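Visitor: Next comes the structure file data.tsv, holding TSV, C-alpha atoms.
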```tsv
chain	number	residue	atom	x	y	z
C	1	MET	CA	26.78	28.16	21.47
C	2	ALA	CA	29.67	30.54	20.67
C	3	PHE	CA	28.59	32.97	23.42
C	4	HIS	CA	28.13	30.17	25.93
C	5	LEU	CA	31.63	28.86	25.26
C	6	LEU	CA	33.21	32.34	25.43
C	7	GLU	CA	31.36	33.30	28.61
C	8	ARG	CA	31.51	30.10	30.62
C	9	ASP	CA	33.59	27.36	29.11
C	10	ARG	CA	36.74	28.67	27.45
C	11	GLU	CA	38.48	25.37	28.23
C	12	GLY	CA	35.71	23.45	26.45
C	13	ALA	CA	36.07	25.73	23.45
C	14	ARG	CA	39.77	24.94	23.25
C	15	GLU	CA	38.98	21.20	23.39
C	16	ILE	CA	36.49	21.53	20.52
C	17	ALA	CA	39.03	23.52	18.51
C	18	ASP	CA	41.72	20.90	19.14
C	19	ALA	CA	39.37	18.05	18.24
C	20	LEU	CA	38.36	19.81	15.02
C	21	ASN	CA	41.99	20.46	14.10
C	22	GLU	CA	42.94	16.88	14.83
C	23	THR	CA	40.06	15.65	12.63
C	24	LEU	CA	41.08	18.00	9.82
C	25	ASN	CA	44.63	16.64	9.99
C	26	LYS	CA	43.64	12.98	10.25
C	27	VAL	CA	40.69	12.58	7.89
C	28	ILE	CA	41.66	12.33	4.25
C	29	ARG	CA	39.97	10.85	1.21
C	30	CYS	CA	40.25	7.15	0.40
C	31	ARG	CA	42.40	7.07	-2.71
C	32	ARG	CA	40.22	4.40	-4.30
C	33	CYS	CA	36.58	5.22	-3.50
C	34	ASN	CA	36.89	8.89	-2.54
C	35	THR	CA	35.05	8.64	0.80
C	36	PHE	CA	36.35	10.07	4.10
C	37	SER	CA	38.96	7.86	5.75
C	38	GLU	CA	41.81	8.06	8.25
C	39	LYS	CA	43.91	5.76	6.08
C	40	GLN	CA	44.96	5.80	2.44
C	41	LEU	CA	42.44	3.03	1.82
C	42	CYS	CA	39.12	3.07	3.70
C	43	ASP	CA	37.89	-0.02	5.58
C	44	VAL	CA	35.54	-1.12	2.79
C	45	CYS	CA	38.16	-0.80	0.05
C	46	ALA	CA	40.75	-2.58	2.20
C	47	SER	CA	38.46	-5.48	3.12
C	48	PRO	CA	39.10	-8.80	1.35
C	49	LYS	CA	35.53	-9.94	2.08
C	50	ARG	CA	33.79	-7.56	-0.34
C	51	GLU	CA	32.75	-8.49	-3.89
C	52	PRO	CA	35.42	-6.72	-5.94
C	53	ASP	CA	33.52	-6.52	-9.25
C	54	VAL	CA	30.32	-4.71	-8.17
C	55	LEU	CA	30.58	-0.95	-7.77
C	56	CYS	CA	27.90	1.18	-6.08
C	57	VAL	CA	27.98	4.91	-6.93
C	58	VAL	CA	26.62	7.17	-4.16
C	59	GLU	CA	26.58	10.94	-3.73
C	60	THR	CA	28.02	11.36	-0.23
C	61	PRO	CA	29.81	9.48	2.59
C	62	ALA	CA	26.51	9.70	4.54
C	63	ASP	CA	24.75	7.81	1.73
C	64	LEU	CA	27.51	5.17	1.86
C	65	GLU	CA	26.86	4.76	5.60
C	66	SER	CA	23.11	4.37	4.95
C	67	VAL	CA	23.70	1.57	2.46
C	68	GLU	CA	26.22	-0.10	4.79
C	69	GLN	CA	23.75	0.01	7.68
C	70	SER	CA	21.03	-1.61	5.58
C	71	ALA	CA	23.48	-4.53	5.09
C	72	VAL	CA	22.07	-5.29	1.64
C	73	PHE	CA	25.20	-4.61	-0.39
C	74	GLN	CA	28.51	-6.49	-0.27
C	75	GLY	CA	30.42	-4.82	-3.12
C	76	MET	CA	32.63	-1.75	-3.42
C	77	TYR	CA	31.73	1.96	-3.54
C	78	PHE	CA	32.57	5.12	-5.38
C	79	VAL	CA	31.61	8.38	-3.65
C	80	LEU	CA	30.97	11.36	-5.95
C	81	MET	CA	31.02	13.93	-3.13
C	82	GLY	CA	27.96	15.67	-4.57
C	83	HIS	CA	25.80	15.68	-7.68
C	84	LEU	CA	25.82	17.53	-10.99
C	85	SER	CA	24.56	21.05	-10.36
C	86	PRO	CA	25.56	23.48	-13.14
C	87	LEU	CA	24.10	26.51	-11.32
C	88	ASP	CA	26.46	25.86	-8.40
C	89	GLY	CA	29.39	25.30	-10.75
C	90	ILE	CA	29.50	21.53	-10.10
C	91	GLY	CA	30.18	19.69	-13.34
C	92	PRO	CA	31.68	16.31	-14.26
C	93	ASP	CA	35.21	17.43	-13.30
C	94	GLU	CA	34.20	18.35	-9.75
C	95	LEU	CA	32.68	14.88	-9.24
C	96	ALA	CA	35.86	13.04	-10.33
C	97	LEU	CA	33.89	11.15	-12.98
C	98	ASP	CA	37.10	10.51	-14.93
C	99	ARG	CA	38.44	8.62	-11.89
C	100	LEU	CA	35.17	6.62	-11.79
C	101	ALA	CA	35.57	5.73	-15.47
C	102	SER	CA	39.19	4.60	-15.10
C	103	LEU	CA	38.24	2.59	-11.98
C	104	VAL	CA	35.64	0.72	-14.03
C	105	ASP	CA	38.24	0.05	-16.74
C	106	GLU	CA	41.09	-0.98	-14.46
C	107	GLU	CA	39.29	-3.13	-11.91
C	108	ASN	CA	37.28	-5.30	-14.28
C	109	ILE	CA	33.97	-4.15	-12.81
C	110	SER	CA	31.01	-6.23	-14.01
C	111	GLU	CA	28.16	-4.10	-12.61
C	112	VAL	CA	27.82	-0.44	-11.67
C	113	ILE	CA	24.82	0.28	-9.42
C	114	LEU	CA	23.74	3.93	-9.69
C	115	ALA	CA	22.56	4.74	-6.16
C	116	THR	CA	22.38	8.52	-6.40
C	117	ASN	CA	19.32	10.12	-4.81
C	118	LEU	CA	15.95	10.04	-6.59
C	119	THR	CA	15.93	13.86	-6.71
C	120	ALA	CA	16.17	15.80	-10.00
C	121	GLU	CA	19.93	16.35	-9.54
C	122	GLY	CA	20.54	12.74	-8.52
C	123	GLU	CA	18.60	11.45	-11.54
C	124	ALA	CA	20.53	13.74	-13.89
C	125	THR	CA	23.83	12.60	-12.37
C	126	ALA	CA	22.82	8.93	-12.76
C	127	GLU	CA	21.87	9.52	-16.40
C	128	TYR	CA	25.18	11.31	-17.08
C	129	ILE	CA	27.17	8.41	-15.62
C	130	HIS	CA	25.04	5.95	-17.60
C	131	GLN	CA	25.98	7.78	-20.83
C	132	LEU	CA	29.62	7.94	-19.73
C	133	LEU	CA	29.75	4.14	-19.32
C	134	ILE	CA	27.49	3.19	-22.22
C	135	ASP	CA	30.29	2.00	-24.54
C	136	ARG	CA	32.07	-0.01	-21.85
C	137	PRO	CA	31.42	-3.74	-21.30
C	138	VAL	CA	29.75	-3.20	-17.92
C	139	LYS	CA	26.16	-3.70	-16.76
C	140	VAL	CA	24.70	-0.45	-15.42
C	141	THR	CA	21.76	-0.68	-13.01
C	142	ARG	CA	19.66	1.84	-11.07
C	143	ILE	CA	18.15	1.28	-7.61
C	144	ALA	CA	14.40	0.60	-7.80
C	145	ARG	CA	11.88	3.41	-7.78
C	146	GLY	CA	8.52	2.64	-6.17
C	147	VAL	CA	6.45	2.57	-3.02
C	148	PRO	CA	8.51	2.60	0.21
C	149	VAL	CA	8.00	-0.14	2.80
C	150	GLY	CA	4.85	0.67	4.78
C	151	GLY	CA	3.58	3.02	2.06
C	152	GLU	CA	-0.16	3.49	1.57
C	153	LEU	CA	-1.53	4.31	-1.89
C	154	GLU	CA	-3.90	6.95	-0.55
C	155	TYR	CA	-1.03	9.14	0.67
C	156	LEU	CA	1.49	8.67	-2.15
C	157	ASP	CA	2.40	11.41	-4.61
C	158	HIS	CA	1.36	10.83	-8.22
C	159	GLY	CA	4.96	10.51	-9.45
C	160	THR	CA	5.76	7.63	-7.11
C	161	LEU	CA	2.45	5.90	-7.88
C	162	SER	CA	3.06	6.18	-11.64
C	163	GLN	CA	6.53	4.73	-11.20
C	164	ALA	CA	5.22	1.89	-9.03
C	165	PHE	CA	2.73	0.92	-11.75
C	166	SER	CA	5.07	1.18	-14.72
C	167	ASP	CA	7.84	-0.74	-12.89
C	168	ARG	CA	5.51	-3.44	-11.56
C	169	ARG	CA	6.94	-6.96	-11.30
C	170	THR	CA	5.58	-10.38	-11.99
C	171	VAL	CA	5.14	-12.31	-8.73
G	172	MET	CA	-19.41	20.43	16.46
G	173	ALA	CA	-22.49	18.71	17.91
G	174	PHE	CA	-22.85	21.40	20.63
G	175	HIS	CA	-22.37	24.22	18.11
G	176	LEU	CA	-25.10	22.83	15.87
G	177	LEU	CA	-27.51	22.25	18.79
G	178	GLU	CA	-26.91	25.69	20.31
G	179	ARG	CA	-26.75	27.93	17.27
G	180	ASP	CA	-27.57	26.19	14.02
G	181	ARG	CA	-30.38	23.66	14.35
G	182	GLU	CA	-31.38	24.30	10.74
G	183	GLY	CA	-27.82	23.46	9.59
G	184	ALA	CA	-27.94	20.23	11.60
G	185	ARG	CA	-31.12	19.22	9.78
G	186	GLU	CA	-29.45	19.93	6.41
G	187	ILE	CA	-26.47	17.75	7.33
G	188	ALA	CA	-28.77	14.97	8.49
G	189	ASP	CA	-30.77	15.15	5.24
G	190	ALA	CA	-27.59	15.16	3.11
G	191	LEU	CA	-26.25	12.13	4.99
G	192	ASN	CA	-29.53	10.29	4.60
G	193	GLU	CA	-29.69	11.11	0.90
G	194	THR	CA	-26.10	9.83	0.45
G	195	LEU	CA	-26.88	6.63	2.35
G	196	ASN	CA	-29.86	6.03	0.08
G	197	LYS	CA	-28.09	6.89	-3.17
G	198	VAL	CA	-24.61	5.42	-2.79
G	199	ILE	CA	-24.45	1.70	-3.41
G	200	ARG	CA	-21.65	-0.65	-4.44
G	201	CYS	CA	-20.74	-1.13	-8.09
G	202	ARG	CA	-21.89	-4.65	-8.85
G	203	ARG	CA	-18.74	-5.38	-10.86
G	204	CYS	CA	-15.80	-3.76	-9.05
G	205	ASN	CA	-17.32	-3.30	-5.57
G	206	THR	CA	-16.43	0.42	-5.22
G	207	PHE	CA	-18.89	3.14	-4.11
G	208	SER	CA	-21.18	4.29	-6.90
G	209	GLU	CA	-24.55	5.93	-7.43
G	210	LYS	CA	-25.30	3.55	-10.27
G	211	GLN	CA	-25.33	-0.23	-10.62
G	212	LEU	CA	-22.11	0.08	-12.62
G	213	CYS	CA	-19.56	2.74	-11.61
G	214	ASP	CA	-18.14	5.16	-14.19
G	215	VAL	CA	-14.92	3.19	-14.67
G	216	CYS	CA	-16.69	-0.15	-15.16
G	217	ALA	CA	-19.21	1.46	-17.54
G	218	SER	CA	-16.59	3.22	-19.67
G	219	PRO	CA	-15.87	1.67	-23.10
G	220	LYS	CA	-12.46	3.39	-23.19
G	221	ARG	CA	-10.79	1.27	-20.49
G	222	GLU	CA	-8.63	-1.79	-21.19
G	223	PRO	CA	-11.02	-4.63	-20.28
G	224	ASP	CA	-8.40	-7.32	-19.65
G	225	VAL	CA	-6.18	-5.66	-17.00
G	226	LEU	CA	-7.50	-5.73	-13.44
G	227	CYS	CA	-6.03	-3.64	-10.62
G	228	VAL	CA	-6.82	-4.84	-7.08
G	229	VAL	CA	-6.90	-2.07	-4.45
G	230	GLU	CA	-7.94	-2.02	-0.80
G	231	THR	CA	-10.34	0.95	-0.71
G	232	PRO	CA	-12.27	3.38	-2.93
G	233	ALA	CA	-9.80	6.09	-1.75
G	234	ASP	CA	-6.92	4.02	-3.17
G	235	LEU	CA	-8.84	3.70	-6.45
G	236	GLU	CA	-9.16	7.50	-6.57
G	237	SER	CA	-5.40	7.88	-5.93
G	238	VAL	CA	-4.56	5.61	-8.84
G	239	GLU	CA	-7.10	7.37	-11.08
G	240	GLN	CA	-5.61	10.77	-10.23
G	241	SER	CA	-2.11	9.62	-11.10
G	242	ALA	CA	-3.49	8.83	-14.60
G	243	VAL	CA	-1.06	5.94	-15.01
G	244	PHE	CA	-3.58	3.12	-15.28
G	245	GLN	CA	-6.20	2.57	-17.99
G	246	GLY	CA	-7.61	-0.82	-17.00
G	247	MET	CA	-10.37	-1.97	-14.65
G	248	TYR	CA	-10.47	-2.25	-10.84
G	249	PHE	CA	-11.55	-4.56	-8.08
G	250	VAL	CA	-11.97	-2.98	-4.65
G	251	LEU	CA	-11.52	-5.31	-1.67
G	252	MET	CA	-12.98	-2.86	0.87
G	253	GLY	CA	-10.21	-3.66	3.35
G	254	HIS	CA	-7.37	-6.10	3.86
G	255	LEU	CA	-6.96	-9.47	5.54
G	256	SER	CA	-6.86	-8.91	9.27
G	257	PRO	CA	-7.67	-12.05	11.27
G	258	LEU	CA	-7.59	-10.23	14.62
G	259	ASP	CA	-10.39	-7.96	13.42
G	260	GLY	CA	-12.31	-10.90	12.00
G	261	ILE	CA	-11.64	-9.95	8.39
G	262	GLY	CA	-10.90	-13.04	6.34
G	263	PRO	CA	-11.20	-13.98	2.66
G	264	ASP	CA	-15.02	-14.05	2.79
G	265	GLU	CA	-15.28	-10.48	4.07
G	266	LEU	CA	-13.12	-9.26	1.16
G	267	ALA	CA	-15.29	-10.92	-1.51
G	268	LEU	CA	-12.28	-12.78	-2.86
G	269	ASP	CA	-14.56	-15.41	-4.42
G	270	ARG	CA	-16.11	-12.63	-6.52
G	271	LEU	CA	-12.61	-11.52	-7.54
G	272	ALA	CA	-11.75	-15.07	-8.61
G	273	SER	CA	-14.92	-15.51	-10.67
G	274	LEU	CA	-14.37	-12.08	-12.26
G	275	VAL	CA	-10.91	-13.21	-13.41
G	276	ASP	CA	-12.43	-16.40	-14.85
G	277	GLU	CA	-15.43	-14.84	-16.55
G	278	GLU	CA	-13.90	-11.70	-18.05
G	279	ASN	CA	-10.83	-13.26	-19.66
G	280	ILE	CA	-8.45	-11.11	-17.59
G	281	SER	CA	-4.85	-11.31	-18.82
G	282	GLU	CA	-3.14	-9.44	-15.95
G	283	VAL	CA	-4.02	-8.83	-12.30
G	284	ILE	CA	-2.03	-5.97	-10.72
G	285	LEU	CA	-1.89	-6.33	-6.93
G	286	ALA	CA	-1.96	-2.71	-5.73
G	287	THR	CA	-2.71	-3.27	-2.05
G	288	ASN	CA	-0.70	-1.13	0.38
G	289	LEU	CA	2.93	-1.96	1.18
G	290	THR	CA	1.99	-2.47	4.85
G	291	ALA	CA	2.17	-5.87	6.54
G	292	GLU	CA	-1.59	-6.44	6.04
G	293	GLY	CA	-1.48	-5.25	2.43
G	294	GLU	CA	1.46	-7.54	1.63
G	295	ALA	CA	-0.28	-10.51	3.27
G	296	THR	CA	-3.47	-9.79	1.31
G	297	ALA	CA	-1.50	-9.54	-1.95
G	298	GLU	CA	0.23	-12.86	-1.23
G	299	TYR	CA	-3.11	-14.52	-0.43
G	300	ILE	CA	-4.61	-13.34	-3.73
G	301	HIS	CA	-1.47	-14.48	-5.57
G	302	GLN	CA	-1.94	-17.98	-4.14
G	303	LEU	CA	-5.66	-17.88	-4.99
G	304	LEU	CA	-4.91	-17.13	-8.65
G	305	ILE	CA	-1.77	-19.24	-9.02
G	306	ASP	CA	-3.43	-22.06	-10.99
G	307	ARG	CA	-5.30	-19.74	-13.35
G	308	PRO	CA	-3.89	-18.66	-16.74
G	309	VAL	CA	-3.41	-15.06	-15.66
G	310	LYS	CA	-0.26	-12.97	-15.13
G	311	VAL	CA	-0.11	-11.64	-11.56
G	312	THR	CA	2.03	-8.53	-10.90
G	313	ARG	CA	2.80	-6.40	-7.84
G	314	ILE	CA	3.41	-2.63	-7.88
G	315	ALA	CA	7.11	-1.78	-7.51
G	316	ARG	CA	8.73	-1.41	-4.11
G	317	GLY	CA	11.60	1.08	-3.89
G	318	VAL	CA	12.67	4.65	-3.32
G	319	PRO	CA	9.87	7.23	-3.76
G	320	VAL	CA	10.33	10.12	-6.18
G	321	GLY	CA	12.50	12.77	-4.49
G	322	GLY	CA	13.82	10.23	-1.96
G	323	GLU	CA	17.31	10.67	-0.49
G	324	LEU	CA	19.32	7.61	0.58
G	325	GLU	CA	20.48	9.24	3.80
G	326	TYR	CA	16.92	9.47	5.15
G	327	LEU	CA	15.49	6.16	3.95
G	328	ASP	CA	14.61	3.27	6.26
G	329	HIS	CA	16.70	0.11	5.88
G	330	GLY	CA	13.80	-1.96	4.55
G	331	THR	CA	13.15	0.38	1.63
G	332	LEU	CA	16.85	0.66	0.85
G	333	SER	CA	17.26	-3.13	0.85
G	334	GLN	CA	14.28	-3.45	-1.48
G	335	ALA	CA	15.63	-0.75	-3.80
G	336	PHE	CA	18.93	-2.62	-4.10
G	337	SER	CA	17.51	-6.10	-4.58
G	338	ASP	CA	14.93	-4.87	-7.13
G	339	ARG	CA	17.41	-2.70	-9.07
G	340	ARG	CA	16.90	-2.48	-12.83
G	341	THR	CA	19.23	-2.44	-15.78
G	342	VAL	CA	19.20	1.01	-17.43
```
Now that the file is in, can you turn its structure into structure tokens?

Guide:
Amino acid sequence: MAFHLLERDREGAREIADALNETLNKVIRCRRCNTFSEKQLCDVCASPKREPDVLCVVETPADLESVEQSAVFQGMYFVLMGHLSPLDGIGPDELALDRLASLVDEENISEVILATNLTAEGEATAEYIHQLLIDRPVKVTRIARGVPVGGELEYLDHGTLSQAFSDRRTV
Amino acid sequence: MAFHLLERDREGAREIADALNETLNKVIRCRRCNTFSEKQLCDVCASPKREPDVLCVVETPADLESVEQSAVFQGMYFVLMGHLSPLDGIGPDELALDRLASLVDEENISEVILATNLTAEGEATAEYIHQLLIDRPVKVTRIARGVPVGGELEYLDHGTLSQAFSDRRTV
């Protein structure tokens, strides 16, 4: 791509550079939920239609978009911008977990939904946040583990199948 | 494969034919749980170590093997040998649901776990069995729907994500 631009489309390259620079100047972090935004408060945080006392914790702005697109959640978000990963030097300070804790205290949050990924790092991050909030008067929940929609038992890994059995629900 | 056997390995073809015939003669259905077995009672049904009052309903013998390999379940099985599929002419009679119902009555089953697939047909079959058992004194449960182990929110379909949020659990 770099060679193509240099050889044949130097004007296009300048446009991409300008667009990137403009984005870098415009896009900041929402001061409440930490996601990318062009304003001090992102659209979700600024909306009066959201439930103000339910807080969904996700790893990245892309995860936030996924949840928004599924239209299942009407509350507020907090975006960690990553997950705990000691080998990469990412600890609680890098994830702004102190800001998350003071948000829970200040905004009278009644439920925190831990929607980090179901990977090892995501699970560890969820457990860390659970411990961080354990003494506060807030309900902490985790998104359900189990069989995905359309899933067939024959092709599931053993971990997912075990989880689906131990978390089974009365119908 | 057929041409290869006819051209170069007629003896091998005879061995395959004999093996298939032997299997067809030997393998019958377990008279209790309906799965494939070489004996009147399959190994699971004959084992004294299983919990006799928990019954897991699966679609196929392959599903039964999956659950067995995940080592999460210690009860008994009932194998439907398919799922409800009116367009293919598969209704309640073809799935031996009357046998399932009398099994629940006769063996003092305390819980029926519906472990059909999370496909449209599997869900419909589970719902049908739920209705069939609704007046009996037995707890009916469904395996958990949600995010599979290792799942990342960014790549999940909306249906699974919705399910994971609405079925979230207190930690």

Visitor: Show me, as a PyMOL selection string, every residue of chain C with an atom at most 7 Å from chain G, counting all atoms listed in the file.

Guide: chain C and resi 62-63+66+70+72+117-119+140-154+158-162+164-165+167-171

Visitor: Just write the chosen residues, C-alpha atoms, as a PDB file, in the coordinates of the input.

Guide:
```pdb
ATOM      1  CA  ALA C  62      26.510   9.700   4.540  1.00  0.00           C
ATOM      2  CA  ASP C  63      24.750   7.810   1.730  1.00  0.00           C
ATOM      3  CA  SER C  66      23.110   4.370   4.950  1.00  0.00           C
ATOM      4  CA  SER C  70      21.030  -1.610   5.580  1.00  0.00           C
ATOM      5  CA  VAL C  72      22.070  -5.290   1.640  1.00  0.00           C
ATOM      6  CA  ASN C 117      19.320  10.120  -4.810  1.00  0.00           C
ATOM      7  CA  LEU C 118      15.950  10.040  -6.590  1.00  0.00           C
ATOM      8  CA  THR C 119      15.930  13.860  -6.710  1.00  0.00           C
ATOM      9  CA  VAL C 140      24.700  -0.450 -15.420  1.00  0.00           C
ATOM     10  CA  THR C 141      21.760  -0.680 -13.010  1.00  0.00           C
ATOM     11  CA  ARG C 142      19.660   1.840 -11.070  1.00  0.00           C
ATOM     12  CA  ILE C 143      18.150   1.280  -7.610  1.00  0.00           C
ATOM     13  CA  ALA C 144      14.400   0.600  -7.800  1.00  0.00           C
ATOM     14  CA  ARG C 145      11.880   3.410  -7.780  1.00  0.00           C
ATOM     15  CA  GLY C 146       8.520   2.640  -6.170  1.00  0.00           C
ATOM     16  CA  VAL C 147       6.450   2.570  -3.020  1.00  0.00           C
ATOM     17  CA  PRO C 148       8.510   2.600   0.210  1.00  0.00           C
ATOM     18  CA  VAL C 149       8.000  -0.140   2.800  1.00  0.00           C
ATOM     19  CA  GLY C 150       4.850   0.670   4.780  1.00  0.00           C
ATOM     20  CA  GLY C 151       3.580   3.020   2.060  1.00  0.00           C
ATOM     21  CA  GLU C 152      -0.160   3.490   1.570  1.00  0.00           C
ATOM     22  CA  LEU C 153      -1.530   4.310  -1.890  1.00  0.00           C
ATOM     23  CA  GLU C 154      -3.900   6.950  -0.550  1.00  0.00           C
ATOM     24  CA  HIS C 158       1.360  10.830  -8.220  1.00  0.00           C
ATOM     25  CA  GLY C 159       4.960  10.510  -9.450  1.00  0.00           C
ATOM     26  CA  THR C 160       5.760   7.630  -7.110  1.00  0.00           C
ATOM     27  CA  LEU C 161       2.450   5.900  -7.880  1.00  0.00           C
ATOM     28  CA  SER C 162       3.060   6.180 -11.640  1.00  0.00           C
ATOM     29  CA  ALA C 164       5.220   1.890  -9.030  1.00  0.00           C
ATOM     30  CA  PHE C 165       2.730   0.920 -11.750  1.00  0.00           C
ATOM     31  CA  ASP C 167       7.840  -0.740 -12.890  1.00  0.00           C
ATOM     32  CA  ARG C 168       5.510  -3.440 -11.560  1.00  0.00           C
ATOM     33  CA  ARG C 169       6.940  -6.960 -11.300  1.00  0.00           C
ATOM     34  CA  THR C 170       5.580 -10.380 -11.990  1.00  0.00           C
ATOM     35  CA  VAL C 171       5.140 -12.310  -8.730  1.00  0.00           C
TER      36      VAL C 171
END
```

Visitor: How many Å lie between atom CA of Ser47 of chain C and atom CA of Ser102 of chain C, rounded to one decimal?

Guide: 20.8 Å

Visitor: Given the point (30.7, -0.8, -11.1) in the file's coordinates, find the residues that have an atom at most 10 Å from it, counting only C-alpha atoms, and give them as number ranges by chain.

Guide: C: 52-57, 75-78, 100-101, 103-105, 107-114, 133, 138-141

Visitor: One decimal, Å: what's the distance from atom CA of Ser85 of chain C over to atom CA of Asp135 of chain C, could you say?

Guide: 24.4 Å

Visitor: I'd like the interatomic distance between atom CA of Ala124 of chain C and atom CA of Gly82 of chain C, to a tenth of an Å.

Guide: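 Calculated distance between atom CA of Ala124 of chain C and atom CA of Gly82 of chain C is 12.1 Å.
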
Visitor: Give, as AutoDock Vina command-line options, the centre coordinates and the x, y and z edge lengths in Å to one decimal for an axis-aligned box around all listed atoms of segment 232-240 of chain G, padded by 3 Å on each side.

Guide:
```
--center_x -8.4 --center_y 7.1 --center_z -6.4 --size_x 13.7 --size_y 13.4 --size_z 15.3
```

Visitor: Which one is closest to Leu24 of chain C: C:Glu11, C:Asp88, C:Asp98, C:Glu38? Count all atoms listed in the file.

Guide: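 Of all the options, C:Glu38 lies closest to Leu24 of chain C.
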
Visitor: Met1 of chain C: which residues within 12 Å, counting only C-alpha atoms, same-chain residues fewer than 6 positions away excluded, as a list in words?

Guide: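 Non-adjacent residues within range: Glu7, Arg8, Asp9, Arg10, Gly12, Ala13 and Ile16 of chain C.
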
Visitor: Since the input is missing atoms, can you rebuild all heavy atoms for segment 131-136 of chain C and write them as an mmCIF file, keeping the file's coordinate frame?

Guide:
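To be explicit, this is the file written out as result.cif:
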```cif
data_model
loop_
_atom_site.group_PDB
_atom_site.id
_atom_site.type_symbol
_atom_site.label_atom_id
_atom_site.label_comp_id
_atom_site.auth_asym_id
_atom_site.auth_seq_id
_atom_site.Cartn_x
_atom_site.Cartn_y
_atom_site.Cartn_z
ATOM 1 N N GLN C 131 25.470 7.442 -19.487
ATOM 2 C CA GLN C 131 25.980 7.780 -20.830
ATOM 3 C C GLN C 131 27.498 7.640 -20.887
ATOM 4 O O GLN C 131 28.054 7.210 -21.899
ATOM 5 C CB GLN C 131 25.583 9.218 -21.195
ATOM 6 C CG GLN C 131 24.087 9.422 -21.392
ATOM 7 C CD GLN C 131 23.505 8.533 -22.487
ATOM 8 O OE1 GLN C 131 24.169 8.254 -23.479
ATOM 9 N NE2 GLN C 131 22.281 8.054 -22.282
ATOM 10 N N LEU C 132 28.161 8.018 -19.783
ATOM 11 C CA LEU C 132 29.620 7.940 -19.730
ATOM 12 C C LEU C 132 30.109 6.492 -19.882
ATOM 13 O O LEU C 132 31.159 6.223 -20.486
ATOM 14 C CB LEU C 132 30.081 8.489 -18.367
ATOM 15 C CG LEU C 132 31.569 8.598 -18.070
ATOM 16 C CD1 LEU C 132 32.149 9.787 -18.818
ATOM 17 C CD2 LEU C 132 31.805 8.782 -16.560
ATOM 18 N N LEU C 133 29.315 5.540 -19.341
ATOM 19 C CA LEU C 133 29.750 4.140 -19.320
ATOM 20 C C LEU C 133 29.147 3.307 -20.449
ATOM 21 O O LEU C 133 29.398 2.102 -20.551
ATOM 22 C CB LEU C 133 29.375 3.506 -17.979
ATOM 23 C CG LEU C 133 29.957 4.154 -16.717
ATOM 24 C CD1 LEU C 133 29.417 3.461 -15.469
ATOM 25 C CD2 LEU C 133 31.486 4.088 -16.731
ATOM 26 N N ILE C 134 28.345 3.956 -21.307
ATOM 27 C CA ILE C 134 27.490 3.190 -22.220
ATOM 28 C C ILE C 134 28.288 2.336 -23.207
ATOM 29 O O ILE C 134 27.815 1.282 -23.631
ATOM 30 C CB ILE C 134 26.498 4.146 -22.942
ATOM 31 C CG1 ILE C 134 25.227 3.401 -23.321
ATOM 32 C CG2 ILE C 134 27.146 4.814 -24.156
ATOM 33 C CD1 ILE C 134 24.049 4.302 -23.611
ATOM 34 N N ASP C 135 29.503 2.764 -23.561
ATOM 35 C CA ASP C 135 30.290 2.000 -24.540
ATOM 36 C C ASP C 135 31.217 0.990 -23.868
ATOM 37 O O ASP C 135 31.974 0.301 -24.545
ATOM 38 C CB ASP C 135 31.131 2.960 -25.396
ATOM 39 C CG ASP C 135 30.237 3.740 -26.343
ATOM 40 O OD1 ASP C 135 29.170 3.208 -26.715
ATOM 41 O OD2 ASP C 135 30.592 4.881 -26.678
ATOM 42 N N ARG C 136 31.195 0.923 -22.543
ATOM 43 C CA ARG C 136 32.070 -0.010 -21.850
ATOM 44 C C ARG C 136 31.338 -1.335 -21.594
ATOM 45 O O ARG C 136 30.121 -1.349 -21.449
ATOM 46 C CB ARG C 136 32.531 0.594 -20.520
ATOM 47 C CG ARG C 136 33.501 1.753 -20.720
ATOM 48 C CD ARG C 136 33.890 2.342 -19.381
ATOM 49 N NE ARG C 136 35.041 3.209 -19.493
ATOM 50 C CZ ARG C 136 34.992 4.476 -19.900
ATOM 51 N NH1 ARG C 136 33.840 5.020 -20.263
ATOM 52 N NH2 ARG C 136 36.093 5.201 -19.970
#
```
